[in-house]
$ cat run-v2.cif   # mmCIF, C-alpha atoms
data_target
#
loop_
_atom_site.group_PDB
_atom_site.id
_atom_site.type_symbol
_atom_site.label_atom_id
_atom_site.label_comp_id
_atom_site.auth_asym_id
_atom_site.auth_seq_id
_atom_site.Cartn_x
_atom_site.Cartn_y
_atom_site.Cartn_z
ATOM 1 C CA MET A 1 2.760 -35.893 0.975
ATOM 2 C CA THR A 2 2.399 -32.377 -0.425
ATOM 3 C CA GLU A 3 5.136 -31.459 -2.892
ATOM 4 C CA LYS A 4 6.745 -28.186 -1.879
ATOM 5 C CA LYS A 5 7.665 -25.424 -4.293
ATOM 6 C CA ILE A 6 11.377 -24.732 -3.878
ATOM 7 C CA PRO A 7 12.088 -20.966 -4.298
ATOM 8 C CA SER A 8 15.594 -21.459 -5.685
ATOM 9 C CA GLU A 9 15.686 -18.951 -8.535
ATOM 10 C CA LEU A 10 16.702 -15.959 -6.382
ATOM 11 C CA GLY A 11 19.910 -17.737 -5.453
ATOM 12 C CA THR A 12 20.739 -19.402 -8.757
ATOM 13 C CA ARG A 13 19.636 -17.340 -11.774
ATOM 14 C CA PRO A 14 21.606 -14.325 -13.102
ATOM 15 C CA VAL A 15 20.555 -10.962 -11.673
ATOM 16 C CA GLY A 16 19.889 -9.563 -15.164
ATOM 17 C CA GLU A 17 17.353 -12.289 -15.936
ATOM 18 C CA LEU A 18 15.703 -11.913 -12.549
ATOM 19 C CA LEU A 19 15.455 -8.159 -12.998
ATOM 20 C CA LYS A 20 13.623 -8.632 -16.295
ATOM 21 C CA GLN A 21 11.288 -11.144 -14.675
ATOM 22 C CA TYR A 22 10.528 -8.936 -11.671
ATOM 23 C CA ALA A 23 10.597 -5.432 -13.139
ATOM 24 C CA LEU A 24 7.648 -5.566 -15.554
ATOM 25 C CA PRO A 25 5.096 -7.061 -13.098
ATOM 26 C CA SER A 26 6.268 -4.665 -10.402
ATOM 27 C CA ILE A 27 5.957 -1.602 -12.664
ATOM 28 C CA ILE A 28 2.512 -2.716 -13.858
ATOM 29 C CA ALA A 29 1.450 -3.239 -10.236
ATOM 30 C CA MET A 30 2.623 0.223 -9.174
ATOM 31 C CA LEU A 31 0.943 1.849 -12.176
ATOM 32 C CA ALA A 32 -2.282 0.061 -11.292
ATOM 33 C CA SER A 33 -1.865 1.163 -7.670
ATOM 34 C CA SER A 34 -1.580 4.804 -8.765
ATOM 35 C CA LEU A 35 -5.009 4.465 -10.381
ATOM 36 C CA TYR A 36 -6.624 4.068 -6.947
ATOM 37 C CA ASN A 37 -6.733 7.746 -6.125
ATOM 38 C CA ILE A 38 -7.402 8.755 -9.731
ATOM 39 C CA VAL A 39 -10.484 6.506 -9.813
ATOM 40 C CA ASP A 40 -11.647 7.905 -6.462
ATOM 41 C CA SER A 41 -11.148 11.452 -7.736
ATOM 42 C CA ILE A 42 -13.156 10.822 -10.912
ATOM 43 C CA PHE A 43 -16.154 9.380 -9.096
ATOM 44 C CA ILE A 44 -16.020 11.846 -6.199
ATOM 45 C CA GLY A 45 -15.832 14.768 -8.624
ATOM 46 C CA HIS A 46 -18.947 13.555 -10.439
ATOM 47 C CA GLY A 47 -20.816 12.110 -7.468
ATOM 48 C CA VAL A 48 -20.153 14.664 -4.713
ATOM 49 C CA ASP A 49 -18.738 18.100 -5.617
ATOM 50 C CA ALA A 50 -15.562 20.052 -6.339
ATOM 51 C CA LEU A 51 -14.866 20.836 -2.670
ATOM 52 C CA ALA A 52 -14.890 17.110 -1.961
ATOM 53 C CA LEU A 53 -11.970 16.808 -4.387
ATOM 54 C CA SER A 54 -10.121 19.417 -2.352
ATOM 55 C CA GLY A 55 -10.868 17.464 0.815
ATOM 56 C CA LEU A 56 -9.568 14.306 -0.852
ATOM 57 C CA ALA A 57 -6.373 16.092 -1.925
ATOM 58 C CA VAL A 58 -5.711 17.053 1.697
ATOM 59 C CA THR A 59 -5.833 13.387 2.763
ATOM 60 C CA PHE A 60 -3.243 12.267 0.213
ATOM 61 C CA PRO A 61 -0.168 13.089 2.380
ATOM 62 C CA LEU A 62 -1.629 11.287 5.395
ATOM 63 C CA MET A 63 -2.283 8.145 3.350
ATOM 64 C CA ASN A 64 1.259 8.348 1.962
ATOM 65 C CA ILE A 65 2.699 8.661 5.469
ATOM 66 C CA SER A 66 0.864 5.459 6.349
ATOM 67 C CA THR A 67 2.317 3.873 3.213
ATOM 68 C CA ALA A 68 5.797 5.080 4.221
ATOM 69 C CA PHE A 69 5.649 3.217 7.537
ATOM 70 C CA GLY A 70 4.241 0.207 5.732
ATOM 71 C CA ALA A 71 7.173 0.354 3.301
ATOM 72 C CA MET A 72 9.594 0.281 6.225
ATOM 73 C CA VAL A 73 8.268 -3.158 7.161
ATOM 74 C CA GLY A 74 7.496 -4.352 3.623
ATOM 75 C CA VAL A 75 10.818 -3.482 1.983
ATOM 76 C CA GLY A 76 12.859 -4.549 5.014
ATOM 77 C CA SER A 77 11.147 -7.912 5.434
ATOM 78 C CA SER A 78 11.051 -8.721 1.715
ATOM 79 C CA THR A 79 14.772 -7.996 1.364
ATOM 80 C CA LEU A 80 15.651 -10.199 4.340
ATOM 81 C CA ILE A 81 13.432 -13.018 3.078
ATOM 82 C CA SER A 82 15.035 -12.851 -0.369
ATOM 83 C CA VAL A 83 18.471 -13.133 1.196
ATOM 84 C CA LYS A 84 17.450 -16.140 3.280
ATOM 85 C CA LEU A 85 15.867 -17.836 0.270
ATOM 86 C CA GLY A 86 19.084 -17.286 -1.699
ATOM 87 C CA GLN A 87 20.980 -18.909 1.178
ATOM 88 C CA LYS A 88 18.375 -21.720 1.351
ATOM 89 C CA ASP A 89 17.777 -20.848 5.005
ATOM 90 C CA TYR A 90 14.038 -21.492 4.934
ATOM 91 C CA LYS A 91 13.614 -21.699 8.718
ATOM 92 C CA ILE A 92 14.814 -18.136 9.264
ATOM 93 C CA ALA A 93 12.862 -16.955 6.207
ATOM 94 C CA GLU A 94 9.666 -18.264 7.819
ATOM 95 C CA LYS A 95 10.473 -16.436 11.053
ATOM 96 C CA ILE A 96 10.981 -13.226 9.083
ATOM 97 C CA LEU A 97 7.604 -13.809 7.389
ATOM 98 C CA GLY A 98 5.894 -14.210 10.781
ATOM 99 C CA ASN A 99 7.636 -11.135 12.211
ATOM 100 C CA ALA A 100 6.585 -9.104 9.156
ATOM 101 C CA VAL A 101 2.942 -10.061 9.666
ATOM 102 C CA VAL A 102 3.023 -9.040 13.341
ATOM 103 C CA MET A 103 4.841 -5.766 12.627
ATOM 104 C CA ASN A 104 2.336 -4.851 9.898
ATOM 105 C CA VAL A 105 -0.532 -5.448 12.328
ATOM 106 C CA VAL A 106 1.129 -3.442 15.110
ATOM 107 C CA MET A 107 2.064 -0.500 12.875
ATOM 108 C CA GLY A 108 -1.360 -0.468 11.244
ATOM 109 C CA ILE A 109 -3.145 -0.315 14.605
ATOM 110 C CA VAL A 110 -0.802 2.246 16.192
ATOM 111 C CA PHE A 111 -0.889 4.559 13.170
ATOM 112 C CA ALA A 112 -4.691 4.359 13.011
ATOM 113 C CA ILE A 113 -5.163 5.117 16.723
ATOM 114 C CA VAL A 114 -2.766 8.086 16.720
ATOM 115 C CA SER A 115 -4.172 9.532 13.493
ATOM 116 C CA LEU A 116 -7.823 9.153 14.548
ATOM 117 C CA THR A 117 -7.070 10.772 17.909
ATOM 118 C CA PHE A 118 -5.573 13.901 16.319
ATOM 119 C CA LEU A 119 -7.311 13.719 12.946
ATOM 120 C CA ASP A 120 -8.720 17.253 12.694
ATOM 121 C CA PRO A 121 -5.491 19.053 13.743
ATOM 122 C CA ILE A 122 -3.509 16.865 11.328
ATOM 123 C CA LEU A 123 -5.845 17.620 8.418
ATOM 124 C CA TYR A 124 -5.827 21.361 9.162
ATOM 125 C CA PHE A 125 -2.026 21.266 9.221
ATOM 126 C CA PHE A 126 -2.056 19.420 5.901
ATOM 127 C CA GLY A 127 -4.036 22.229 4.264
ATOM 128 C CA ALA A 128 -7.714 21.593 5.090
ATOM 129 C CA SER A 129 -10.057 24.562 5.560
ATOM 130 C CA ASP A 130 -13.398 24.907 7.318
ATOM 131 C CA ALA A 131 -15.075 24.192 3.971
ATOM 132 C CA THR A 132 -13.135 20.978 3.217
ATOM 133 C CA ILE A 133 -12.428 19.521 6.659
ATOM 134 C CA SER A 134 -15.705 17.575 6.785
ATOM 135 C CA TYR A 135 -14.957 15.839 3.478
ATOM 136 C CA ALA A 136 -11.370 15.022 4.494
ATOM 137 C CA ARG A 137 -12.503 13.783 7.921
ATOM 138 C CA GLU A 138 -15.239 11.536 6.544
ATOM 139 C CA TYR A 139 -12.862 9.958 4.038
ATOM 140 C CA MET A 140 -9.954 9.413 6.426
ATOM 141 C CA GLN A 141 -12.061 8.015 9.265
ATOM 142 C CA ILE A 142 -12.998 5.054 7.068
ATOM 143 C CA ILE A 143 -9.483 4.684 5.634
ATOM 144 C CA LEU A 144 -7.910 4.706 9.108
ATOM 145 C CA VAL A 145 -10.393 2.203 10.535
ATOM 146 C CA GLY A 146 -9.288 -0.139 7.748
ATOM 147 C CA ASN A 147 -5.623 0.857 8.044
ATOM 148 C CA ILE A 148 -4.558 -2.511 9.435
ATOM 149 C CA PHE A 149 -5.890 -4.218 6.299
ATOM 150 C CA THR A 150 -4.138 -1.661 4.085
ATOM 151 C CA HIS A 151 -0.803 -2.309 5.835
ATOM 152 C CA MET A 152 -1.275 -6.057 5.517
ATOM 153 C CA TYR A 153 -2.264 -5.768 1.843
ATOM 154 C CA PHE A 154 0.763 -3.714 0.794
ATOM 155 C CA GLY A 155 3.077 -5.718 3.074
ATOM 156 C CA PHE A 156 1.919 -9.049 1.635
ATOM 157 C CA ASN A 157 2.471 -7.750 -1.892
ATOM 158 C CA ALA A 158 6.112 -7.083 -1.032
ATOM 159 C CA LEU A 159 6.406 -10.531 0.550
ATOM 160 C CA LEU A 160 4.947 -12.228 -2.524
ATOM 161 C CA ARG A 161 7.631 -10.603 -4.677
ATOM 162 C CA ALA A 162 10.301 -11.722 -2.226
ATOM 163 C CA MET A 163 9.007 -15.294 -2.308
ATOM 164 C CA GLY A 164 9.402 -15.419 -6.090
ATOM 165 C CA HIS A 165 5.850 -14.519 -7.101
ATOM 166 C CA PRO A 166 6.026 -11.052 -8.746
ATOM 167 C CA LYS A 167 3.114 -11.890 -11.061
ATOM 168 C CA MET A 168 0.890 -12.816 -8.104
ATOM 169 C CA ALA A 169 1.695 -9.463 -6.486
ATOM 170 C CA MET A 170 0.781 -7.759 -9.758
ATOM 171 C CA LYS A 171 -2.494 -9.694 -10.012
ATOM 172 C CA ALA A 172 -3.422 -8.734 -6.440
ATOM 173 C CA THR A 173 -2.929 -5.047 -7.240
ATOM 174 C CA ILE A 174 -4.851 -5.209 -10.516
ATOM 175 C CA LEU A 175 -7.687 -7.094 -8.781
ATOM 176 C CA THR A 176 -7.884 -4.364 -6.136
ATOM 177 C CA VAL A 177 -8.076 -1.582 -8.723
ATOM 178 C CA ILE A 178 -10.806 -3.397 -10.678
ATOM 179 C CA LEU A 179 -12.844 -4.005 -7.515
ATOM 180 C CA ASN A 180 -12.387 -0.394 -6.424
ATOM 181 C CA THR A 181 -13.573 0.846 -9.824
ATOM 182 C CA ILE A 182 -16.689 -1.329 -9.614
ATOM 183 C CA LEU A 183 -17.514 -0.499 -5.987
ATOM 184 C CA ASP A 184 -16.894 3.268 -6.191
ATOM 185 C CA PRO A 185 -20.044 4.175 -8.183
ATOM 186 C CA LEU A 186 -22.137 1.639 -6.236
ATOM 187 C CA PHE A 187 -21.202 3.238 -2.910
ATOM 188 C CA ILE A 188 -20.882 6.922 -3.937
ATOM 189 C CA PHE A 189 -23.901 7.627 -6.182
ATOM 190 C CA ASP A 190 -27.575 7.697 -5.232
ATOM 191 C CA THR A 191 -28.548 6.576 -8.729
ATOM 192 C CA ILE A 192 -26.453 4.839 -11.381
ATOM 193 C CA ASN A 193 -27.526 5.315 -14.996
ATOM 194 C CA LEU A 194 -25.904 3.031 -17.568
ATOM 195 C CA GLY A 195 -28.125 4.228 -20.414
ATOM 196 C CA PHE A 196 -29.967 0.954 -20.949
ATOM 197 C CA VAL A 197 -30.574 0.362 -17.237
ATOM 198 C CA GLN A 198 -30.824 2.500 -14.103
ATOM 199 C CA PHE A 199 -30.532 1.340 -10.515
ATOM 200 C CA SER A 200 -29.996 2.764 -7.045
ATOM 201 C CA GLY A 201 -26.632 3.087 -5.352
ATOM 202 C CA ALA A 202 -25.800 3.411 -1.652
ATOM 203 C CA GLY A 203 -25.425 7.199 -1.885
ATOM 204 C CA TRP A 204 -22.693 7.405 0.759
ATOM 205 C CA GLY A 205 -20.754 10.148 -1.024
ATOM 206 C CA ILE A 206 -17.092 10.518 -0.141
ATOM 207 C CA ARG A 207 -17.454 7.925 2.627
ATOM 208 C CA GLY A 208 -18.519 5.492 -0.081
ATOM 209 C CA ALA A 209 -15.233 6.046 -1.918
ATOM 210 C CA ALA A 210 -13.291 5.199 1.238
ATOM 211 C CA ILE A 211 -15.425 2.118 1.912
ATOM 212 C CA ALA A 212 -14.886 0.966 -1.675
ATOM 213 C CA THR A 213 -11.116 1.332 -1.329
ATOM 214 C CA VAL A 214 -10.917 -0.569 1.968
ATOM 215 C CA SER A 215 -13.344 -3.259 0.770
ATOM 216 C CA ALA A 216 -11.322 -3.867 -2.408
ATOM 217 C CA GLN A 217 -8.120 -4.200 -0.385
ATOM 218 C CA CYS A 218 -9.764 -6.621 2.063
ATOM 219 C CA ILE A 219 -10.973 -8.878 -0.756
ATOM 220 C CA SER A 220 -7.491 -8.935 -2.318
ATOM 221 C CA LEU A 221 -6.000 -9.542 1.133
ATOM 222 C CA VAL A 222 -8.055 -12.725 1.487
ATOM 223 C CA TRP A 223 -6.597 -13.973 -1.810
ATOM 224 C CA GLN A 224 -3.072 -13.047 -0.683
ATOM 225 C CA LEU A 225 -3.580 -14.950 2.583
ATOM 226 C CA ARG A 226 -4.585 -18.049 0.644
ATOM 227 C CA VAL A 227 -1.380 -17.853 -1.396
ATOM 228 C CA LEU A 228 0.848 -17.208 1.633
ATOM 229 C CA ALA A 229 -0.809 -20.022 3.605
ATOM 230 C CA ASP A 230 -0.248 -22.562 0.809
ATOM 231 C CA LYS A 231 1.598 -25.488 2.403
ATOM 232 C CA ARG A 232 3.256 -26.280 -0.916
ATOM 233 C CA GLU A 233 5.416 -23.161 -0.443
ATOM 234 C CA PHE A 234 8.709 -23.732 1.371
ATOM 235 C CA ILE A 235 7.847 -20.755 3.563
ATOM 236 C CA HIS A 236 4.218 -20.122 4.432
ATOM 237 C CA LEU A 237 2.013 -18.832 7.228
ATOM 238 C CA LYS A 238 1.721 -21.349 10.064
ATOM 239 C CA ARG A 239 1.841 -21.577 13.829
ATOM 240 C CA GLY A 240 5.052 -20.857 15.691
ATOM 241 C CA ILE A 241 6.526 -18.129 13.454
ATOM 242 C CA TYR A 242 4.859 -15.020 14.894
ATOM 243 C CA ARG A 243 6.965 -14.451 18.011
ATOM 244 C CA LEU A 244 8.896 -11.216 17.525
ATOM 245 C CA ASN A 245 12.650 -11.587 17.300
ATOM 246 C CA GLY A 246 14.517 -8.420 18.313
ATOM 247 C CA TYR A 247 17.367 -8.957 15.849
ATOM 248 C CA ILE A 248 15.042 -9.651 12.913
ATOM 249 C CA VAL A 249 12.851 -6.631 13.712
ATOM 250 C CA LYS A 250 15.915 -4.378 14.035
ATOM 251 C CA GLU A 251 17.352 -5.500 10.682
ATOM 252 C CA MET A 252 13.936 -5.263 9.025
ATOM 253 C CA LEU A 253 13.365 -1.679 10.173
ATOM 254 C CA THR A 254 16.958 -0.646 9.455
ATOM 255 C CA ILE A 255 16.751 -1.809 5.832
ATOM 256 C CA GLY A 256 13.285 -0.265 5.410
ATOM 257 C CA LEU A 257 14.185 3.061 7.005
ATOM 258 C CA SER A 258 15.572 4.578 3.792
ATOM 259 C CA PRO A 259 12.405 4.138 1.629
ATOM 260 C CA CYS A 260 10.319 5.234 4.610
ATOM 261 C CA LEU A 261 12.226 8.506 4.966
ATOM 262 C CA MET A 262 12.088 9.162 1.218
ATOM 263 C CA ASN A 263 8.317 8.717 1.243
ATOM 264 C CA LEU A 264 7.991 10.989 4.274
ATOM 265 C CA ALA A 265 10.094 13.671 2.579
ATOM 266 C CA SER A 266 7.853 13.669 -0.506
ATOM 267 C CA CYS A 267 4.784 13.850 1.747
ATOM 268 C CA PHE A 268 6.042 16.965 3.500
ATOM 269 C CA VAL A 269 6.649 18.646 0.146
ATOM 270 C CA VAL A 270 2.982 18.089 -0.725
ATOM 271 C CA ILE A 271 1.904 19.321 2.712
ATOM 272 C CA PHE A 272 3.777 22.617 2.326
ATOM 273 C CA ILE A 273 2.364 23.116 -1.167
ATOM 274 C CA ASN A 274 -1.173 22.425 0.093
ATOM 275 C CA ARG A 275 -0.771 24.917 2.924
ATOM 276 C CA GLY A 276 0.514 27.570 0.549
ATOM 277 C CA LEU A 277 -2.321 26.976 -1.896
ATOM 278 C CA THR A 278 -4.887 27.137 0.912
ATOM 279 C CA ASN A 279 -3.581 30.540 1.998
ATOM 280 C CA TYR A 280 -3.012 32.102 -1.429
ATOM 281 C CA GLY A 281 -5.151 30.154 -3.893
ATOM 282 C CA GLY A 282 -8.075 28.764 -1.921
ATOM 283 C CA ASP A 283 -9.708 25.345 -1.695
ATOM 284 C CA TYR A 284 -10.221 24.919 -5.426
ATOM 285 C CA ALA A 285 -6.502 25.461 -6.014
ATOM 286 C CA VAL A 286 -5.767 22.648 -3.548
ATOM 287 C CA GLY A 287 -8.176 20.376 -5.426
ATOM 288 C CA ALA A 288 -6.638 21.284 -8.796
ATOM 289 C CA TYR A 289 -3.134 20.583 -7.491
ATOM 290 C CA GLY A 290 -4.346 17.278 -6.079
ATOM 291 C CA ILE A 291 -5.559 16.208 -9.526
ATOM 292 C CA VAL A 292 -2.291 17.230 -11.210
ATOM 293 C CA HIS A 293 -0.215 15.575 -8.483
ATOM 294 C CA LYS A 294 -2.033 12.276 -8.922
ATOM 295 C CA MET A 295 -1.456 12.378 -12.652
ATOM 296 C CA THR A 296 2.267 13.074 -12.297
ATOM 297 C CA PHE A 297 2.480 10.401 -9.595
ATOM 298 C CA ILE A 298 1.925 7.822 -12.341
ATOM 299 C CA PHE A 299 5.449 8.518 -13.663
ATOM 300 C CA VAL A 300 6.889 8.335 -10.142
ATOM 301 C CA MET A 301 5.257 4.925 -9.745
ATOM 302 C CA ILE A 302 7.175 3.595 -12.758
ATOM 303 C CA VAL A 303 10.466 4.355 -11.000
ATOM 304 C CA MET A 304 9.153 3.013 -7.687
ATOM 305 C CA GLY A 305 8.049 -0.186 -9.393
ATOM 306 C CA PHE A 306 11.532 -0.681 -10.823
ATOM 307 C CA ASN A 307 13.086 -0.033 -7.402
ATOM 308 C CA LEU A 308 10.751 -2.527 -5.727
ATOM 309 C CA ALA A 309 11.730 -5.109 -8.336
ATOM 310 C CA CYS A 310 15.373 -4.577 -7.400
ATOM 311 C CA SER A 311 14.898 -4.896 -3.633
ATOM 312 C CA PRO A 312 14.540 -8.709 -3.510
ATOM 313 C CA LEU A 313 17.607 -9.153 -5.748
ATOM 314 C CA GLN A 314 20.223 -8.529 -3.100
ATOM 315 C CA ASP A 315 23.735 -9.932 -2.847
ATOM 316 C CA THR A 316 23.399 -12.510 -0.058
ATOM 317 C CA THR A 317 26.764 -11.445 1.385
ATOM 318 C CA THR A 318 25.718 -7.849 2.076
ATOM 319 C CA VAL A 319 22.955 -8.407 4.640
ATOM 320 C CA PRO A 320 23.646 -9.761 8.138
ATOM 321 C CA ARG A 321 22.313 -13.203 8.957
ATOM 322 C CA PRO A 322 19.556 -13.032 11.606
ATOM 323 C CA THR A 323 20.059 -15.345 14.535
ATOM 324 C CA THR A 324 17.651 -18.161 15.292
ATOM 325 C CA ALA A 325 17.047 -16.969 18.845
#

$ encode --input "run-v2.cif" --output "structure tokens"
Amino acid sequence: MTEKKIPSELGTRPVGELLKQYALPSIIAMLASSLYNIVDSIFIGHGVDALALSGLAVTFPLMNISTAFGAMVGVGSSTLISVKLGQKDYKIAEKILGNAVVMNVVMGIVFAIVSLTFLDPILYFFGASDATISYAREYMQIILVGNIFTHMYFGFNALLRAMGHPKMAMKATILTVILNTILDPLFIFDTINLGFVQFSGAGWGIRGAAIATVSAQCISLVWQLRVLADKREFIHLKRGIYRLNGYIVKEMLTIGLSPCLMNLASCFVVIFINRGLTNYGGDYAVGAYGIVHKMTFIFVMIVMGFNLACSPLQDTTTVPRPTTA
């Protein structure tokens, strides 16, 4: 018989010790995550042109809006799971895990369909011009097609932290950044020159950057699925846990609403700045702001990483107990 790993530490160890254990991996993971767009910007700037950077900057708010809705499910579900693990209610924790998977799939598909349907008007509203719209469109079409995998990837990272595996969540993020860094030049450039050797790349330009990002997330997602499907875990992916429970979904979205709204608020700030720069500074000003914003976002990610580390460490008496119905 397979020996199960009992996730007891969230309900037994002091909060201070748990915070130390969870905070560092979470901060490292968020810092690594912030490197995504920086890596894309570096390779796009060298492999395409400066206007492509402006087009990429315009897509940043739309990707963050997608992340905001993903956070609503990820933070809500991870908090509920942590509470159930602290209460040793593994049956309900598994139902929350199944509901989180379904909600990530549903939100990923719905967001992708709506965004692809109105993509050009959205990008123009976000600050795109006639000169940059083609770059922004090409990048976001690929990102949105793979949006379901992105939602699952970020959602599973939150679930891994909730299940007592902050280091695994960190490793998944670092793996994705490394893969993205390797795939970016292969997909963006026509020719790759390493000095001692030269070989051909795919030459897909800004589309290549998007394909590299989605591909890296998909590869990490496969690894996450293997961890979450491990039968040695007290809660793991299996049949019979994916039927949506109205009470669980309501509590999940209620808890996750706050981080979702905060992310949306920061996105709209960037949108208004982009629109102002488009009107008064031009496309290159938008691209320059995009570069600066991504650099400053690194410091924001440190705070976000600390906050994510805190979210699983909830007092088990403060969150309602979902019913088994």

$ closest_residue --input "run-v2.cif" --among "A:Ile81, A:Ile188, A:Ala68, A:Ala136" --to "Cys260 of chain A" --atoms "all atoms listed in the file"
A:Ala68

$ residues_around --input "run-v2.cif" --residues "Gly146 of chain A" --least-positions-apart "6" --cutoff "10 Å" --atoms "only C-alpha atoms" --output "MDAnalysis selection string"
chainID A and resid 108:109 112 140 210:211 213:215 217:218

$ closest_residue --input "run-v2.cif" --among "A:Lys167, A:Phe126, A:Pro61, A:Asn274" --to "Gly287 of chain A" --atoms "only C-alpha atoms"
A:Asn274

$ atom_distance --input "run-v2.cif" --atom1 "atom CA of Gly201 of chain A" --atom2 "atom CA of Leu221 of chain A"
25.0 Å

$ residues_near_point --input "run-v2.cif" --point "(-0.2, 9.3, 0.4)" --cutoff "10 Å" --atoms "all atoms listed in the file" --output "PyMOL selection string"
chain A and resi 37+57-68+263-264+266-267+270+294

$ closest_residue --input "run-v2.cif" --among "A:Ile178, A:Ala288, A:Val75, A:Leu80" --to "Val39 of chain A" --atoms "all atoms listed in the file"
A:Ile178

$ resolve_selection --input "run-v2.cif" --expression "the PyMOL selection byres ((chain A and resi 42-54) around 8)" --output "list in words"
Ile38, Val39, Asp40, Ser41, Gly55, Leu56, Ala57, Val58, Ala131, Thr132, Tyr135, Ala136, Asp184, Pro185, Ile188, Phe189, Gly205, Ile206, Ala209, Asp283, Tyr284, Ala285, Val286, Gly287, Ala288 and Gly290 of chain A

$ write_last_selection --input "run-v2.cif" --atoms "C-alpha atoms" --output "compact mmCIF listing (two decimals), keeping the file's coordinate frame"
# COMPACT_ATOMS: atom_id res chain seq x y z
CA ILE A 38 -7.40 8.76 -9.73
CA VAL A 39 -10.48 6.51 -9.81
CA ASP A 40 -11.65 7.90 -6.46
CA SER A 41 -11.15 11.45 -7.74
CA GLY A 55 -10.87 17.46 0.82
CA LEU A 56 -9.57 14.31 -0.85
CA ALA A 57 -6.37 16.09 -1.92
CA VAL A 58 -5.71 17.05 1.70
CA ALA A 131 -15.08 24.19 3.97
CA THR A 132 -13.14 20.98 3.22
CA TYR A 135 -14.96 15.84 3.48
CA ALA A 136 -11.37 15.02 4.49
CA ASP A 184 -16.89 3.27 -6.19
CA PRO A 185 -20.04 4.18 -8.18
CA ILE A 188 -20.88 6.92 -3.94
CA PHE A 189 -23.90 7.63 -6.18
CA GLY A 205 -20.75 10.15 -1.02
CA ILE A 206 -17.09 10.52 -0.14
CA ALA A 209 -15.23 6.05 -1.92
CA ASP A 283 -9.71 25.34 -1.70
CA TYR A 284 -10.22 24.92 -5.43
CA ALA A 285 -6.50 25.46 -6.01
CA VAL A 286 -5.77 22.65 -3.55
CA GLY A 287 -8.18 20.38 -5.43
CA ALA A 288 -6.64 21.28 -8.80
CA GLY A 290 -4.35 17.28 -6.08

$ atom_distance --input "run-v2.cif" --atom1 "atom CA of Asp230 of chain A" --atom2 "atom CA of Phe69 of chain A"
27.3 Å

$ closest_residue --input "run-v2.cif" --among "A:Ala169, A:Leu97, A:Met107, A:Ile92" --to "Leu24 of chain A" --atoms "only C-alpha atoms"
A:Ala169

$ atom_distance --input "run-v2.cif" --atom1 "atom CA of Phe154 of chain A" --atom2 "atom CA of Leu244 of chain A"
20.1 Å

$ resolve_selection --input "run-v2.cif" --expression "the PyMOL selection byres ((chain A and resi 162) around 7)" --output "ChimeraX atom specification"
/A:78-79,81-82,158-161,163-164,312

$ write_last_selection --input "run-v2.cif" --atoms "C-alpha atoms" --output "mmCIF file, in the coordinates of the input"
data_model
loop_
_atom_site.group_PDB
_atom_site.id
_atom_site.type_symbol
_atom_site.label_atom_id
_atom_site.label_comp_id
_atom_site.auth_asym_id
_atom_site.auth_seq_id
_atom_site.Cartn_x
_atom_site.Cartn_y
_atom_site.Cartn_z
ATOM 1 C CA SER A 78 11.051 -8.721 1.715
ATOM 2 C CA THR A 79 14.772 -7.996 1.364
ATOM 3 C CA ILE A 81 13.432 -13.018 3.078
ATOM 4 C CA SER A 82 15.035 -12.851 -0.369
ATOM 5 C CA ALA A 158 6.112 -7.083 -1.032
ATOM 6 C CA LEU A 159 6.406 -10.531 0.550
ATOM 7 C CA LEU A 160 4.947 -12.228 -2.524
ATOM 8 C CA ARG A 161 7.631 -10.603 -4.677
ATOM 9 C CA MET A 163 9.007 -15.294 -2.308
ATOM 10 C CA GLY A 164 9.402 -15.419 -6.090
ATOM 11 C CA PRO A 312 14.540 -8.709 -3.510
#

$ residues_near_point --input "run-v2.cif" --point "(5.6, -21.0, 0.4)" --cutoff "12 Å" --atoms "all atoms listed in the file" --output "PyMOL selection string"
chain A and resi 2-8+81+85+90-91+93-94+97+159-165+224-238

$ write_last_selection --input "run-v2.cif" --atoms "C-alpha atoms" --output "short mmCIF file (atom, residue, chain, number, x, y, z; two decimals), in the frame of the given file"
data_model
loop_
_atom_site.label_atom_id
_atom_site.label_comp_id
_atom_site.auth_asym_id
_atom_site.auth_seq_id
_atom_site.Cartn_x
_atom_site.Cartn_y
_atom_site.Cartn_z
CA THR A 2 2.40 -32.38 -0.42
CA GLU A 3 5.14 -31.46 -2.89
CA LYS A 4 6.74 -28.19 -1.88
CA LYS A 5 7.66 -25.42 -4.29
CA ILE A 6 11.38 -24.73 -3.88
CA PRO A 7 12.09 -20.97 -4.30
CA SER A 8 15.59 -21.46 -5.68
CA ILE A 81 13.43 -13.02 3.08
CA LEU A 85 15.87 -17.84 0.27
CA TYR A 90 14.04 -21.49 4.93
CA LYS A 91 13.61 -21.70 8.72
CA ALA A 93 12.86 -16.95 6.21
CA GLU A 94 9.67 -18.26 7.82
CA LEU A 97 7.60 -13.81 7.39
CA LEU A 159 6.41 -10.53 0.55
CA LEU A 160 4.95 -12.23 -2.52
CA ARG A 161 7.63 -10.60 -4.68
CA ALA A 162 10.30 -11.72 -2.23
CA MET A 163 9.01 -15.29 -2.31
CA GLY A 164 9.40 -15.42 -6.09
CA HIS A 165 5.85 -14.52 -7.10
CA GLN A 224 -3.07 -13.05 -0.68
CA LEU A 225 -3.58 -14.95 2.58
CA ARG A 226 -4.58 -18.05 0.64
CA VAL A 227 -1.38 -17.85 -1.40
CA LEU A 228 0.85 -17.21 1.63
CA ALA A 229 -0.81 -20.02 3.60
CA ASP A 230 -0.25 -22.56 0.81
CA LYS A 231 1.60 -25.49 2.40
CA ARG A 232 3.26 -26.28 -0.92
CA GLU A 233 5.42 -23.16 -0.44
CA PHE A 234 8.71 -23.73 1.37
CA ILE A 235 7.85 -20.76 3.56
CA HIS A 236 4.22 -20.12 4.43
CA LEU A 237 2.01 -18.83 7.23
CA LYS A 238 1.72 -21.35 10.06
#
